[in-house]
file model.txt (compact mmCIF, C-alpha atoms)
# COMPACT_ATOMS: atom_id res chain seq x y z
CA MET A 1 32.78 3.61 10.87
CA ASP A 2 34.83 3.00 7.69
CA ASN A 3 33.38 2.98 4.18
CA ASN A 4 33.52 -0.82 3.86
CA SER A 5 31.47 -1.22 7.04
CA ILE A 6 28.95 1.34 5.79
CA ASP A 7 28.64 -0.50 2.46
CA GLU A 8 28.05 -3.81 4.22
CA GLN A 9 25.47 -2.29 6.56
CA GLY A 10 23.56 -0.78 3.64
CA ASP A 11 21.71 -4.03 2.86
CA VAL A 12 20.86 -4.75 6.50
CA HIS A 13 17.46 -3.54 7.70
CA LEU A 14 18.26 -2.41 11.21
CA ALA A 15 15.40 -2.67 13.70
CA SER A 16 14.71 -0.38 16.63
CA GLY A 17 12.25 -0.36 19.49
CA ASN A 18 9.98 2.24 17.92
CA ALA A 19 8.64 2.92 14.45
CA GLU A 20 9.60 6.59 14.23
CA THR A 21 11.46 7.83 11.17
CA PRO A 22 14.86 9.11 12.40
CA LEU A 23 14.68 12.90 12.18
CA ARG A 24 16.71 15.68 13.76
CA ALA A 25 14.98 18.03 16.19
CA ASP A 26 15.39 20.91 13.71
CA ALA A 27 14.12 18.91 10.71
CA PHE A 28 11.46 21.49 9.87
CA ALA A 29 13.24 24.69 10.82
CA LYS A 30 13.80 25.49 7.15
CA SER A 31 10.96 26.26 4.78
CA ASP A 32 10.23 24.07 1.77
CA ASP A 33 11.58 26.81 -0.51
CA ASP A 34 14.84 26.98 1.44
CA LYS A 35 15.22 23.20 1.29
CA ILE A 36 14.56 23.18 -2.45
CA ALA A 37 17.20 25.88 -3.02
CA GLU A 38 19.84 24.00 -0.99
CA ILE A 39 19.10 20.61 -2.52
CA GLN A 40 19.25 22.18 -5.97
CA GLN A 41 22.77 23.44 -5.27
CA HIS A 42 23.91 20.10 -3.87
CA PHE A 43 22.46 18.08 -6.72
CA GLU A 44 23.99 20.41 -9.27
CA LYS A 45 27.35 19.65 -7.63
CA ILE A 46 26.69 15.91 -7.85
CA MET A 47 25.87 16.15 -11.54
CA ASP A 48 28.94 18.30 -12.15
CA THR A 49 31.12 15.78 -10.29
CA LEU A 50 29.76 13.03 -12.54
CA GLY A 51 30.96 15.05 -15.53
CA LEU A 52 27.55 16.01 -16.89
CA ASP A 53 27.23 19.16 -18.99
CA LEU A 54 24.84 21.38 -17.06
CA THR A 55 24.62 23.84 -19.93
CA ASP A 56 22.83 21.23 -22.03
CA ASP A 57 19.15 22.06 -22.53
CA SER A 58 18.11 18.59 -21.32
CA LEU A 59 20.12 18.78 -18.08
CA LYS A 60 20.22 22.38 -16.93
CA GLY A 61 16.81 22.22 -15.26
CA THR A 62 17.40 18.84 -13.62
CA PRO A 63 18.81 20.05 -10.26
CA ARG A 64 15.73 22.21 -9.69
CA ARG A 65 13.34 19.46 -10.80
CA VAL A 66 14.99 16.91 -8.50
CA ALA A 67 14.94 19.28 -5.53
CA LYS A 68 11.24 20.08 -5.97
CA MET A 69 10.43 16.40 -6.43
CA MET A 70 12.19 15.47 -3.20
CA VAL A 71 10.59 18.15 -1.04
CA LYS A 72 7.11 18.38 -2.58
CA GLU A 73 6.53 14.81 -3.74
CA ILE A 74 8.54 11.71 -2.90
CA PHE A 75 9.58 12.88 0.60
CA SER A 76 6.55 15.03 1.39
CA GLY A 77 5.47 12.50 4.03
CA LEU A 78 8.29 13.60 6.32
CA HIS A 79 6.39 16.70 7.43
CA PRO A 80 3.83 16.02 10.18
CA ASP A 81 1.59 18.81 8.87
CA ARG A 82 0.91 16.67 5.82
CA LYS A 83 -0.38 13.71 7.80
CA PRO A 84 -3.90 12.98 6.51
CA SER A 85 -6.84 13.61 8.79
CA THR A 86 -8.27 10.44 10.25
CA SER A 87 -11.83 11.33 11.20
CA THR A 88 -13.84 8.35 12.35
CA PHE A 89 -17.55 7.63 12.41
CA ASP A 90 -19.91 5.51 14.46
CA ASN A 91 -20.25 1.97 13.20
CA LYS A 92 -24.00 2.38 12.64
CA TYR A 93 -24.20 -0.77 10.54
CA LYS A 94 -22.90 -2.83 13.48
CA TYR A 95 -20.46 -4.51 11.09
CA GLY A 96 -18.45 -6.85 13.30
CA GLU A 97 -16.15 -8.64 10.87
CA MET A 98 -12.78 -7.44 9.64
CA LEU A 99 -12.69 -4.80 6.93
CA VAL A 100 -9.90 -5.32 4.41
CA GLU A 101 -8.53 -2.74 1.97
CA LYS A 102 -6.18 -4.63 -0.32
CA ASN A 103 -3.87 -3.80 -3.19
CA ILE A 104 -3.10 -0.25 -2.04
CA VAL A 105 -0.32 0.98 -4.31
CA VAL A 106 2.96 1.74 -2.53
CA TYR A 107 5.57 4.06 -4.00
CA SER A 108 8.37 4.67 -1.53
CA THR A 109 12.14 5.16 -1.40
CA CYS A 110 14.75 2.94 0.22
CA GLU A 111 16.69 5.00 2.76
CA HIS A 112 19.88 2.99 2.17
CA HIS A 113 20.33 3.71 -1.53
CA PHE A 114 17.54 6.21 -2.30
CA LEU A 115 16.08 3.92 -4.94
CA PRO A 116 12.36 3.19 -5.37
CA ILE A 117 10.30 0.68 -3.43
CA VAL A 118 7.20 -0.28 -5.43
CA GLY A 119 4.49 -2.65 -4.29
CA ARG A 120 1.12 -3.21 -2.67
CA ALA A 121 -0.16 -2.84 0.88
CA HIS A 122 -3.06 -4.79 2.36
CA VAL A 123 -4.64 -3.29 5.48
CA ALA A 124 -7.41 -4.56 7.76
CA TYR A 125 -9.11 -3.66 11.00
CA ILE A 126 -11.94 -4.87 13.20
CA SER A 127 -14.19 -2.08 14.44
CA ASN A 128 -14.66 -1.57 18.17
CA GLY A 129 -17.49 0.88 17.51
CA THR A 130 -15.91 3.31 15.05
CA VAL A 131 -15.00 3.13 11.37
CA ILE A 132 -12.76 5.18 9.10
CA GLY A 133 -13.31 6.27 5.50
CA LEU A 134 -11.87 3.79 3.04
CA SER A 135 -9.78 6.38 1.21
CA LYS A 136 -8.16 7.38 4.52
CA MET A 137 -6.51 3.97 4.68
CA ASN A 138 -4.96 4.56 1.27
CA ARG A 139 -3.88 8.05 2.30
CA ILE A 140 -2.22 6.80 5.48
CA VAL A 141 -0.21 4.25 3.49
CA ASP A 142 0.77 6.94 0.97
CA TYR A 143 1.80 9.37 3.71
CA TYR A 144 4.23 6.95 5.33
CA ALA A 145 5.49 5.77 1.95
CA LYS A 146 6.49 9.31 0.96
CA ARG A 147 9.70 9.41 2.95
CA PRO A 148 13.03 7.57 2.98
CA GLN A 149 11.94 4.21 4.31
CA VAL A 150 12.67 0.75 5.54
CA GLN A 151 9.76 -1.52 4.67
CA GLU A 152 9.57 -3.05 8.14
CA ARG A 153 9.22 0.41 9.70
CA MET A 154 6.63 1.54 7.17
CA THR A 155 4.48 -1.52 7.90
CA LYS A 156 4.53 -0.75 11.63
CA GLN A 157 3.83 2.94 11.07
CA VAL A 158 0.68 2.19 9.06
CA VAL A 159 -0.63 -0.14 11.76
CA GLN A 160 0.16 2.26 14.61
CA ALA A 161 -1.48 5.20 12.81
CA LEU A 162 -4.70 3.24 12.29
CA GLN A 163 -4.67 1.88 15.84
CA GLU A 164 -4.43 5.44 17.13
CA ALA A 165 -7.19 6.70 14.82
CA LEU A 166 -9.59 3.85 15.51
CA GLY A 167 -8.86 3.36 19.19
CA THR A 168 -8.27 -0.35 18.79
CA ASP A 169 -5.31 -2.74 18.61
CA ASP A 170 -7.15 -4.87 16.04
CA VAL A 171 -5.27 -3.67 12.95
CA ALA A 172 -3.07 -5.57 10.49
CA CYS A 173 -0.94 -4.69 7.50
CA VAL A 174 0.98 -6.74 4.94
CA ILE A 175 3.22 -5.09 2.34
CA ASP A 176 4.66 -6.90 -0.68
CA ALA A 177 7.13 -4.74 -2.59
CA LYS A 178 10.04 -4.74 -4.98
CA HIS A 179 13.17 -2.86 -3.93
CA LEU A 180 15.15 -1.45 -6.82
CA CYS A 181 18.25 -1.52 -4.63
CA VAL A 182 17.95 -5.30 -5.03
CA ASN A 183 16.38 -5.44 -8.50
CA SER A 184 18.53 -2.88 -10.36
CA ARG A 185 21.88 -2.97 -8.51
CA GLY A 186 23.89 -5.34 -6.35
CA ILE A 187 22.50 -8.83 -6.94
CA ARG A 188 20.14 -7.43 -9.63
CA ASP A 189 17.46 -10.02 -8.98
CA ILE A 190 14.47 -8.62 -10.88
CA GLU A 191 12.04 -11.32 -9.70
CA SER A 192 12.34 -11.10 -5.92
CA SER A 193 10.09 -9.05 -3.66
CA THR A 194 10.00 -8.36 0.06
CA VAL A 195 7.00 -9.16 2.27
CA THR A 196 6.53 -7.62 5.71
CA ALA A 197 3.64 -7.93 8.14
CA GLU A 198 2.44 -6.37 11.37
CA PHE A 199 -0.45 -7.94 13.29
CA GLY A 200 -2.09 -6.21 16.23
CA GLY A 201 -4.70 -7.28 18.76
CA ALA A 202 -7.11 -9.91 17.43
CA PHE A 203 -4.95 -10.40 14.34
CA LYS A 204 -2.34 -12.13 16.47
CA ASN A 205 -4.87 -14.95 16.76
CA ASP A 206 -4.12 -17.63 14.18
CA SER A 207 -7.69 -17.85 12.88
CA ALA A 208 -8.04 -14.07 12.34
CA LYS A 209 -4.61 -13.92 10.78
CA ARG A 210 -5.50 -16.77 8.43
CA ASP A 211 -8.80 -15.10 7.46
CA PHE A 212 -6.98 -11.86 6.68
CA LEU A 213 -4.43 -13.63 4.48
CA ASP A 214 -7.26 -15.49 2.73
CA TYR A 215 -8.94 -12.17 1.95
CA ILE A 216 -5.69 -10.85 0.50
CA ASN A 217 -5.36 -13.89 -1.76
CA MET A 218 -9.03 -13.87 -2.78
CA LYS A 219 -9.47 -13.49 -6.50
CA THR A 220 -11.74 -10.60 -7.43
CA THR A 221 -13.25 -9.47 -10.73
CA PHE A 222 -10.77 -6.58 -10.76
CA ASP A 223 -7.66 -8.76 -10.59
CA ALA A 224 -5.74 -9.12 -13.83
call {"tool": "encode", "arguments": {"input": "model.txt", "output": "structure tokens"}}
result
Amino acid sequence: MDNNSIDEQGDVHLASGNAETPLRADAFAKSDDDKIAEIQQHFEKIMDTLGLDLTDDSLKGTPRRVAKMMVKEIFSGLHPDRKPSTSTFDNKYKYGEMLVEKNIVVYSTCEHHFLPIVGRAHVAYISNGTVIGLSKMNRIVDYYAKRPQVQERMTKQVVQALQEALGTDDVACVIDAKHLCVNSRGIRDIESSTVTAEFGGAFKNDSAKRDFLDYINMKTTFDA
């Protein structure tokens, strides 16, 4: 594929049959420390190619900082060992309506340009006898956000993770996010955002879907 074709493909969100992040079989053969050391060397070369003075006090530590940030922070969700535990509990309250956790902060990275994706996720499920801790929903969103991402895939990954944990198809997720690859480069449209949704089980029903969206749009005392 030539460079022009690659550039054109960069703004296309390619879909696949599954929601797995594309990883090589040996993705975790190297330790975090080894990855940090290699990324540090590569990023130092990038900065040098750009003509930056790596002897400057402000810049000389940047390759190391960037490497640690990538491995330990913004891409830490790549490693399956960091997937949050999803212990469930009996629904002793016999709560039978949907539970909605809205306005979960999303900080992710576009895999096409490695620029930030910033937004909010809204997640809901209907218990079939088990419930999950509220903070676990936030942690699941954060885990899948902390990797190079396509928003469509991330939305599906959140739903599938909760379906697996809760043993039910009745899970939904909507994500509304700004992509800096759109806002800060290319068309540079600072106002636009991207909305994706995945509806499972009962949420494919129009009435349940409408109720979920109404909950998302409900004004609360905590809204600005």
call {"tool": "atom_distance", "arguments": {"input": "model.txt", "atom1": "atom CA of Leu54 of chain A", "atom2": "atom CA of Met70 of chain A"}}
result
19.7 Å
call {"tool": "residues_around", "arguments": {"input": "model.txt", "residues": "Leu180 of chain A", "least_positions_apart": "2", "cutoff": "12 Å", "atoms": "only C-alpha atoms", "output": "list in words"}}
result
Asp11, Tyr107, Ser108, Thr109, Cys110, Glu111, His112, His113, Phe114, Leu115, Pro116, Ile117, Val118, Gly119, Ala177, Lys178, Val182, Asn183, Ser184, Arg185, Gly186, Ile187, Arg188, Asp189, Ile190, Glu191, Ser192, Ser193 and Thr194 of chain A
call {"tool": "write_last_selection", "arguments": {"input": "model.txt", "atoms": "C-alpha atoms", "output": "mmCIF file, in the frame of the given file"}}
result
data_model
loop_
_atom_site.group_PDB
_atom_site.id
_atom_site.type_symbol
_atom_site.label_atom_id
_atom_site.label_comp_id
_atom_site.auth_asym_id
_atom_site.auth_seq_id
_atom_site.Cartn_x
_atom_site.Cartn_y
_atom_site.Cartn_z
ATOM 1 C CA ASP A 11 21.710 -4.030 2.860
ATOM 2 C CA TYR A 107 5.570 4.060 -4.000
ATOM 3 C CA SER A 108 8.370 4.670 -1.530
ATOM 4 C CA THR A 109 12.140 5.160 -1.400
ATOM 5 C CA CYS A 110 14.750 2.940 0.220
ATOM 6 C CA GLU A 111 16.690 5.000 2.760
ATOM 7 C CA HIS A 112 19.880 2.990 2.170
ATOM 8 C CA HIS A 113 20.330 3.710 -1.530
ATOM 9 C CA PHE A 114 17.540 6.210 -2.300
ATOM 10 C CA LEU A 115 16.080 3.920 -4.940
ATOM 11 C CA PRO A 116 12.360 3.190 -5.370
ATOM 12 C CA ILE A 117 10.300 0.680 -3.430
ATOM 13 C CA VAL A 118 7.200 -0.280 -5.430
ATOM 14 C CA GLY A 119 4.490 -2.650 -4.290
ATOM 15 C CA ALA A 177 7.130 -4.740 -2.590
ATOM 16 C CA LYS A 178 10.040 -4.740 -4.980
ATOM 17 C CA VAL A 182 17.950 -5.300 -5.030
ATOM 18 C CA ASN A 183 16.380 -5.440 -8.500
ATOM 19 C CA SER A 184 18.530 -2.880 -10.360
ATOM 20 C CA ARG A 185 21.880 -2.970 -8.510
ATOM 21 C CA GLY A 186 23.890 -5.340 -6.350
ATOM 22 C CA ILE A 187 22.500 -8.830 -6.940
ATOM 23 C CA ARG A 188 20.140 -7.430 -9.630
ATOM 24 C CA ASP A 189 17.460 -10.020 -8.980
ATOM 25 C CA ILE A 190 14.470 -8.620 -10.880
ATOM 26 C CA GLU A 191 12.040 -11.320 -9.700
ATOM 27 C CA SER A 192 12.340 -11.100 -5.920
ATOM 28 C CA SER A 193 10.090 -9.050 -3.660
ATOM 29 C CA THR A 194 10.000 -8.360 0.060
#
call {"tool": "residues_near_point", "arguments": {"input": "model.txt", "point": "(-11.8, -8.2, 13.0)", "cutoff": "12 Å", "atoms": "all atoms listed in the file", "output": "ChimeraX atom specification"}}
result
/A:95-100,123-129,131,168-172,199-205,207-212
call {"tool": "closest_residue", "arguments": {"input": "model.txt", "among": "A:Lys92, A:Lys219, A:Lys83, A:Lys60", "to": "Lys136 of chain A", "atoms": "all atoms listed in the file"}}
result
A:Lys83
call {"tool": "closest_residue", "arguments": {"input": "model.txt", "among": "A:Asn138, A:Asn103, A:Thr62, A:Gln149", "to": "Pro84 of chain A", "atoms": "only C-alpha atoms"}}
result
A:Asn138
call {"tool": "closest_residue", "arguments": {"input": "model.txt", "among": "A:Met47, A:Ile132, A:Leu166, A:Ile175", "to": "Val106 of chain A", "atoms": "all atoms listed in the file"}}
result
A:Ile175
call {"tool": "atom_distance", "arguments": {"input": "model.txt", "atom1": "atom CA of Asp32 of chain A", "atom2": "atom CA of Lys68 of chain A"}}
result
8.8 Å
call {"tool": "closest_residue", "arguments": {"input": "model.txt", "among": "A:Lys35, A:His42, A:His122, A:Lys146", "to": "Ser76 of chain A", "atoms": "all atoms listed in the file"}}
result
A:Lys146
call {"tool": "atom_distance", "arguments": {"input": "model.txt", "atom1": "atom CA of Ala197 of chain A", "atom2": "atom CA of Thr155 of chain A"}}
result
6.5 Å
call {"tool": "residues_around", "arguments": {"input": "model.txt", "residues": "Ala37 of chain A", "least_positions_apart": "5", "cutoff": "12 Å", "atoms": "only C-alpha atoms", "output": "count of residues only"}}
result
14
call {"tool": "closest_residue", "arguments": {"input": "model.txt", "among": "A:Gln151, A:Asn91, A:Gln40, A:Ser135", "to": "Val195 of chain A", "atoms": "only C-alpha atoms"}}
result
A:Gln151
